[in-house]
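Text of structure02.cif (mmCIF, N, CA and C atoms) as supplied:
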```cif
data_coords
#
loop_
_atom_site.label_atom_id
_atom_site.label_comp_id
_atom_site.auth_asym_id
_atom_site.auth_seq_id
_atom_site.Cartn_x
_atom_site.Cartn_y
_atom_site.Cartn_z
N MET A 1 59.31 33.30 -65.13
CA MET A 1 59.94 33.11 -63.84
C MET A 1 58.89 32.64 -62.84
N HIS A 2 59.33 31.99 -61.81
CA HIS A 2 58.41 31.44 -60.81
C HIS A 2 58.30 32.42 -59.64
N LEU A 3 57.07 32.72 -59.23
CA LEU A 3 56.83 33.68 -58.15
C LEU A 3 55.97 33.06 -57.07
N GLU A 4 56.35 33.31 -55.83
CA GLU A 4 55.55 32.91 -54.67
C GLU A 4 55.35 34.14 -53.78
N ILE A 5 54.11 34.32 -53.31
CA ILE A 5 53.80 35.35 -52.32
C ILE A 5 53.31 34.61 -51.08
N ILE A 6 54.05 34.77 -49.98
CA ILE A 6 53.78 34.01 -48.76
C ILE A 6 53.60 34.98 -47.59
N THR A 7 52.58 34.72 -46.77
CA THR A 7 52.38 35.45 -45.52
C THR A 7 52.66 34.49 -44.37
N PRO A 8 52.69 34.95 -43.13
CA PRO A 8 52.95 34.04 -42.02
C PRO A 8 51.93 32.90 -41.90
N ASP A 9 50.71 33.09 -42.41
CA ASP A 9 49.69 32.06 -42.23
C ASP A 9 49.26 31.33 -43.49
N ARG A 10 49.70 31.78 -44.70
CA ARG A 10 49.27 31.07 -45.91
C ARG A 10 50.10 31.48 -47.13
N LYS A 11 50.02 30.65 -48.17
CA LYS A 11 50.61 30.99 -49.46
C LYS A 11 49.52 31.65 -50.28
N VAL A 12 49.72 32.92 -50.65
CA VAL A 12 48.72 33.71 -51.35
C VAL A 12 48.73 33.44 -52.85
N PHE A 13 49.93 33.24 -53.42
CA PHE A 13 50.06 33.02 -54.86
C PHE A 13 51.29 32.18 -55.14
N GLU A 14 51.18 31.31 -56.14
CA GLU A 14 52.33 30.59 -56.67
C GLU A 14 52.08 30.33 -58.14
N GLY A 15 53.02 30.72 -58.99
CA GLY A 15 52.86 30.48 -60.41
C GLY A 15 53.93 31.15 -61.24
N GLU A 16 53.82 30.97 -62.55
CA GLU A 16 54.75 31.56 -63.50
C GLU A 16 54.26 32.94 -63.93
N VAL A 17 55.16 33.91 -63.97
CA VAL A 17 54.83 35.28 -64.40
C VAL A 17 55.92 35.78 -65.35
N SER A 18 55.56 36.76 -66.18
CA SER A 18 56.55 37.35 -67.09
C SER A 18 57.15 38.63 -66.52
N SER A 19 56.42 39.28 -65.60
CA SER A 19 56.94 40.49 -64.95
C SER A 19 56.24 40.67 -63.61
N ALA A 20 56.93 41.35 -62.71
CA ALA A 20 56.36 41.65 -61.39
C ALA A 20 56.87 43.01 -60.94
N GLN A 21 55.96 43.88 -60.54
CA GLN A 21 56.31 45.22 -60.05
C GLN A 21 56.06 45.25 -58.54
N PHE A 22 57.02 45.79 -57.80
CA PHE A 22 56.98 45.78 -56.34
C PHE A 22 57.07 47.19 -55.77
N PRO A 23 56.43 47.41 -54.59
CA PRO A 23 56.52 48.71 -53.90
C PRO A 23 57.74 48.73 -52.95
N GLY A 24 58.90 49.01 -53.49
CA GLY A 24 60.12 49.07 -52.68
C GLY A 24 60.08 50.25 -51.73
N THR A 25 60.88 50.20 -50.70
CA THR A 25 60.91 51.29 -49.73
C THR A 25 61.42 52.59 -50.35
N ASP A 26 62.18 52.49 -51.45
CA ASP A 26 62.69 53.69 -52.14
C ASP A 26 61.93 53.96 -53.44
N GLY A 27 60.83 53.25 -53.68
CA GLY A 27 60.04 53.46 -54.89
C GLY A 27 59.72 52.15 -55.59
N LEU A 28 58.90 52.25 -56.62
CA LEU A 28 58.51 51.07 -57.37
C LEU A 28 59.68 50.53 -58.19
N PHE A 29 59.74 49.20 -58.33
CA PHE A 29 60.71 48.59 -59.24
C PHE A 29 60.10 47.33 -59.84
N GLU A 30 60.61 46.96 -61.00
CA GLU A 30 60.06 45.82 -61.73
C GLU A 30 61.13 44.76 -61.92
N VAL A 31 60.70 43.50 -61.86
CA VAL A 31 61.57 42.36 -62.07
C VAL A 31 61.08 41.61 -63.29
N LEU A 32 62.00 41.32 -64.21
CA LEU A 32 61.70 40.55 -65.41
C LEU A 32 62.52 39.27 -65.40
N ASN A 33 62.26 38.40 -66.34
CA ASN A 33 63.00 37.15 -66.47
C ASN A 33 64.51 37.42 -66.54
N ASP A 34 65.31 36.56 -65.92
CA ASP A 34 66.78 36.66 -65.89
C ASP A 34 67.29 37.91 -65.16
N HIS A 35 66.52 38.42 -64.20
CA HIS A 35 66.95 39.57 -63.40
C HIS A 35 68.15 39.19 -62.54
N ALA A 36 68.99 40.13 -62.26
CA ALA A 36 70.13 39.91 -61.36
C ALA A 36 69.63 39.56 -59.96
N PRO A 37 70.42 38.81 -59.19
CA PRO A 37 70.01 38.50 -57.81
C PRO A 37 69.75 39.78 -57.02
N LEU A 38 68.72 39.71 -56.16
CA LEU A 38 68.27 40.91 -55.45
C LEU A 38 67.55 40.53 -54.18
N ILE A 39 67.76 41.29 -53.13
CA ILE A 39 66.94 41.23 -51.91
C ILE A 39 66.56 42.67 -51.59
N SER A 40 65.26 42.91 -51.35
CA SER A 40 64.80 44.27 -51.10
C SER A 40 63.67 44.28 -50.08
N ALA A 41 63.65 45.33 -49.26
CA ALA A 41 62.53 45.55 -48.35
C ALA A 41 61.37 46.13 -49.16
N LEU A 42 60.15 45.77 -48.76
CA LEU A 42 58.95 46.26 -49.43
C LEU A 42 58.09 47.04 -48.43
N LYS A 43 57.45 48.09 -48.93
CA LYS A 43 56.51 48.83 -48.10
C LYS A 43 55.09 48.42 -48.49
N GLU A 44 54.11 48.94 -47.79
CA GLU A 44 52.72 48.67 -48.11
C GLU A 44 52.41 49.17 -49.52
N GLY A 45 51.72 48.36 -50.30
CA GLY A 45 51.37 48.75 -51.66
C GLY A 45 50.95 47.57 -52.49
N ASN A 46 50.96 47.75 -53.81
CA ASN A 46 50.50 46.71 -54.73
C ASN A 46 51.66 45.99 -55.39
N VAL A 47 51.53 44.67 -55.48
CA VAL A 47 52.40 43.85 -56.31
C VAL A 47 51.62 43.60 -57.59
N VAL A 48 52.15 44.07 -58.72
CA VAL A 48 51.44 44.00 -60.01
C VAL A 48 52.15 42.96 -60.88
N LEU A 49 51.40 41.95 -61.31
CA LEU A 49 51.97 40.87 -62.10
C LEU A 49 51.54 40.96 -63.55
N ASN A 50 52.44 40.59 -64.45
CA ASN A 50 52.16 40.50 -65.89
C ASN A 50 51.54 41.78 -66.45
N GLY A 51 52.10 42.92 -66.13
CA GLY A 51 51.66 44.18 -66.68
C GLY A 51 50.28 44.64 -66.24
N GLY A 52 49.81 44.15 -65.11
CA GLY A 52 48.52 44.58 -64.58
C GLY A 52 47.44 43.53 -64.64
N ALA A 53 47.75 42.35 -65.17
CA ALA A 53 46.75 41.27 -65.27
C ALA A 53 46.29 40.81 -63.89
N THR A 54 47.19 40.84 -62.91
CA THR A 54 46.87 40.41 -61.54
C THR A 54 47.54 41.37 -60.57
N THR A 55 46.81 41.72 -59.50
CA THR A 55 47.36 42.63 -58.48
C THR A 55 47.06 42.08 -57.10
N PHE A 56 48.06 42.16 -56.22
CA PHE A 56 47.90 41.79 -54.82
C PHE A 56 48.30 42.99 -53.97
N ARG A 57 47.57 43.24 -52.91
CA ARG A 57 47.90 44.30 -51.95
C ARG A 57 48.71 43.65 -50.82
N ILE A 58 49.89 44.20 -50.52
CA ILE A 58 50.68 43.67 -49.41
C ILE A 58 50.86 44.73 -48.34
N ASP A 59 51.14 44.27 -47.12
CA ASP A 59 51.33 45.16 -45.98
C ASP A 59 52.81 45.35 -45.65
N GLY A 60 53.67 45.20 -46.64
CA GLY A 60 55.11 45.30 -46.41
C GLY A 60 55.73 43.93 -46.32
N GLY A 61 57.05 43.87 -46.41
CA GLY A 61 57.75 42.60 -46.32
C GLY A 61 59.10 42.67 -47.01
N VAL A 62 59.50 41.52 -47.59
CA VAL A 62 60.80 41.38 -48.23
C VAL A 62 60.62 40.56 -49.50
N VAL A 63 61.40 40.89 -50.55
CA VAL A 63 61.40 40.09 -51.77
C VAL A 63 62.83 39.62 -52.04
N GLU A 64 62.95 38.37 -52.51
CA GLU A 64 64.23 37.81 -52.93
C GLU A 64 64.09 37.33 -54.37
N VAL A 65 65.05 37.71 -55.21
CA VAL A 65 65.10 37.27 -56.60
C VAL A 65 66.40 36.51 -56.79
N LEU A 66 66.30 35.26 -57.28
CA LEU A 66 67.50 34.45 -57.49
C LEU A 66 67.19 33.37 -58.51
N ARG A 67 67.93 33.37 -59.62
CA ARG A 67 67.80 32.34 -60.67
C ARG A 67 66.37 32.15 -61.15
N ASN A 68 65.70 33.22 -61.53
CA ASN A 68 64.33 33.21 -62.04
C ASN A 68 63.31 32.65 -61.05
N LYS A 69 63.63 32.74 -59.77
CA LYS A 69 62.66 32.41 -58.72
C LYS A 69 62.54 33.64 -57.83
N VAL A 70 61.29 34.10 -57.63
CA VAL A 70 61.02 35.29 -56.85
C VAL A 70 60.15 34.88 -55.66
N ILE A 71 60.60 35.19 -54.46
CA ILE A 71 59.85 34.87 -53.25
C ILE A 71 59.56 36.18 -52.51
N VAL A 72 58.27 36.41 -52.26
CA VAL A 72 57.84 37.56 -51.48
C VAL A 72 57.37 37.05 -50.12
N LEU A 73 58.01 37.51 -49.05
CA LEU A 73 57.56 37.23 -47.69
C LEU A 73 56.87 38.50 -47.20
N ALA A 74 55.54 38.45 -47.19
CA ALA A 74 54.74 39.64 -46.87
C ALA A 74 54.17 39.51 -45.47
N GLU A 75 54.03 40.65 -44.79
CA GLU A 75 53.41 40.68 -43.47
C GLU A 75 51.93 40.33 -43.57
N GLY A 76 51.30 40.70 -44.67
CA GLY A 76 49.90 40.39 -44.94
C GLY A 76 49.66 40.65 -46.41
N ALA A 77 48.67 39.97 -47.00
CA ALA A 77 48.38 40.17 -48.43
C ALA A 77 46.94 39.82 -48.73
N SER A 78 46.40 40.50 -49.75
CA SER A 78 45.05 40.20 -50.23
C SER A 78 45.00 40.43 -51.73
N ALA A 79 44.07 39.74 -52.36
CA ALA A 79 43.93 39.85 -53.84
C ALA A 79 43.15 41.08 -54.21
#
```
Taking this structure as input, can you express it in the form of structure tokens?
Amino acid sequence: MHLEIITPDRKVFEGEVSSAQFPGTDGLFEVLNDHAPLISALKEGNVVLNGGATTFRIDGGVVEVLRNKVIVLAEGASA
């Protein structure tokens, strides 16, 4: 699936991933290929890609999942 992590001032990541774990406001959740459509608020925490191969720290935001495209709009992010 295609994933983008975007902050107000830059695109932090764009690429293909097999899994992504997010810090939802009600707890951690994971998105895999062919996931159902979803919009969720995110709290401060780590976005973990491909089972831990890559991690980004975000300062909260929103994630949208639709047709194997995942867009994270984060307030701030760092690798």
Taking 6 positions as the minimum chain separation for residues in the same chain, which residues sit within 6.5 Å of Val72 (chain A) when counting all atoms listed in the file? Answer as a short mmCIF file (atom, residue, chain, number, x, y, z; two decimals) with N, CA and C atoms, in the frame of the given file.
```cif
data_model
loop_
_atom_site.label_atom_id
_atom_site.label_comp_id
_atom_site.auth_asym_id
_atom_site.auth_seq_id
_atom_site.Cartn_x
_atom_site.Cartn_y
_atom_site.Cartn_z
N LEU A 3 57.07 32.72 -59.23
CA LEU A 3 56.83 33.68 -58.15
C LEU A 3 55.97 33.06 -57.07
N GLU A 4 56.35 33.31 -55.83
CA GLU A 4 55.55 32.91 -54.67
C GLU A 4 55.35 34.14 -53.78
N ILE A 5 54.11 34.32 -53.31
CA ILE A 5 53.80 35.35 -52.32
C ILE A 5 53.31 34.61 -51.08
N ILE A 6 54.05 34.77 -49.98
CA ILE A 6 53.78 34.01 -48.76
C ILE A 6 53.60 34.98 -47.59
N THR A 7 52.58 34.72 -46.77
CA THR A 7 52.38 35.45 -45.52
C THR A 7 52.66 34.49 -44.37
N VAL A 62 59.50 41.52 -47.59
CA VAL A 62 60.80 41.38 -48.23
C VAL A 62 60.62 40.56 -49.50
N VAL A 63 61.40 40.89 -50.55
CA VAL A 63 61.40 40.09 -51.77
C VAL A 63 62.83 39.62 -52.04
N GLU A 64 62.95 38.37 -52.51
CA GLU A 64 64.23 37.81 -52.93
C GLU A 64 64.09 37.33 -54.37
#
```
(message) So the first atom is CA of Ile39 (chain A) and the second is CA of Gly24 (chain A); what is the distance between them in Å, to one decimal place?
(response) 10.4 Å
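The result of the PyMOL selection byres ((chain A and resi 38) around 8) on the shown file is A:His35, A:Ala36, A:Pro37, A:Ile39, A:Ser40, A:Ala41, A:Val63, A:Glu64, A:Val65, A:Leu66, A:Arg67.
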Give as a tab-separated table (two decimals) with N, CA and C atoms, keeping the file's coordinate frame the residues that the PyMOL selection byres (((chain A and resi 76 and name CA) around 9) and name CA) matches when applied to the coordinates above.
```tsv
chain	number	residue	atom	x	y	z
A	6	ILE	N	54.05	34.77	-49.98
A	6	ILE	CA	53.78	34.01	-48.76
A	6	ILE	C	53.60	34.98	-47.59
A	7	THR	N	52.58	34.72	-46.77
A	7	THR	CA	52.38	35.45	-45.52
A	7	THR	C	52.66	34.49	-44.37
A	8	PRO	N	52.69	34.95	-43.13
A	8	PRO	CA	52.95	34.04	-42.02
A	8	PRO	C	51.93	32.90	-41.90
A	9	ASP	N	50.71	33.09	-42.41
A	9	ASP	CA	49.69	32.06	-42.23
A	9	ASP	C	49.26	31.33	-43.49
A	57	ARG	N	47.57	43.24	-52.91
A	57	ARG	CA	47.90	44.30	-51.95
A	57	ARG	C	48.71	43.65	-50.82
A	58	ILE	N	49.89	44.20	-50.52
A	58	ILE	CA	50.68	43.67	-49.41
A	58	ILE	C	50.86	44.73	-48.34
A	59	ASP	N	51.14	44.27	-47.12
A	59	ASP	CA	51.33	45.16	-45.98
A	59	ASP	C	52.81	45.35	-45.65
A	60	GLY	N	53.67	45.20	-46.64
A	60	GLY	CA	55.11	45.30	-46.41
A	60	GLY	C	55.73	43.93	-46.32
A	61	GLY	N	57.05	43.87	-46.41
A	61	GLY	CA	57.75	42.60	-46.32
A	61	GLY	C	59.10	42.67	-47.01
A	73	LEU	N	58.01	37.51	-49.05
A	73	LEU	CA	57.56	37.23	-47.69
A	73	LEU	C	56.87	38.50	-47.20
A	74	ALA	N	55.54	38.45	-47.19
A	74	ALA	CA	54.74	39.64	-46.87
A	74	ALA	C	54.17	39.51	-45.47
A	75	GLU	N	54.03	40.65	-44.79
A	75	GLU	CA	53.41	40.68	-43.47
A	75	GLU	C	51.93	40.33	-43.57
A	77	ALA	N	48.67	39.97	-47.00
A	77	ALA	CA	48.38	40.17	-48.43
A	77	ALA	C	46.94	39.82	-48.73
A	78	SER	N	46.40	40.50	-49.75
A	78	SER	CA	45.05	40.20	-50.23
A	78	SER	C	45.00	40.43	-51.73
```
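From atom N of Leu49 (chain A) back to atom N of Thr25 (chain A), the distance works out to 16.4 Å.
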(message) One decimal, in Å: what's the spacing between atom N of Ser19 (chain A) and atom C of Val31 (chain A)?
(response) 5.7 Å
(message) Give me the residues near Glu30 (chain A) as a ChimeraX atom specification, where near means some atom within 5 Å (using only N, CA and C atoms) and where sequence neighbours in that chain fewer than 3 positions away do not count.
(response) /A:20-22
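For the residues A:Lys69, A:Asp26, A:Val17, A:His2, ranking by smallest atom-to-atom distance to Asn50 (chain A) using only N, CA and C atoms places A:Val17 first.
Minimum distance to Lys43 (chain A) across A:Ala79, A:Met1, A:Arg10, A:Gly27 (counting all atoms listed in the file) occurs at A:Gly27.
For the set A:Ala53, A:Phe13, A:Ser18, A:Val47, the residue with the smallest atom-to-atom gap to Leu32 (chain A) is A:Ser18, counting only N, CA and C atoms.
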Edge lengths and centre in Å to one decimal, as lines of an AutoDock Vina configuration file, of the axis-aligned box that encloses all listed atoms of region 10-19 of chain A with 8 Å added on every side?
```
center_x = 52.9
center_y = 35.5
center_z = -55.9
size_x = 24.4
size_y = 26.3
size_z = 38.4
```
(request) Please return as a PyMOL selection string: the residues of chain A that backbone DSSP assigns to strand (DSSP E). (result) chain A and resi 2-6+11-16+19-24+27-32+38-49+54-66+69-74+77-78
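In terms of minimum interatomic distance to Leu42 (chain A), A:Pro23 ranks closest within A:Asn68, A:Thr55, A:Glu16, A:Pro23, counting only C-alpha atoms.
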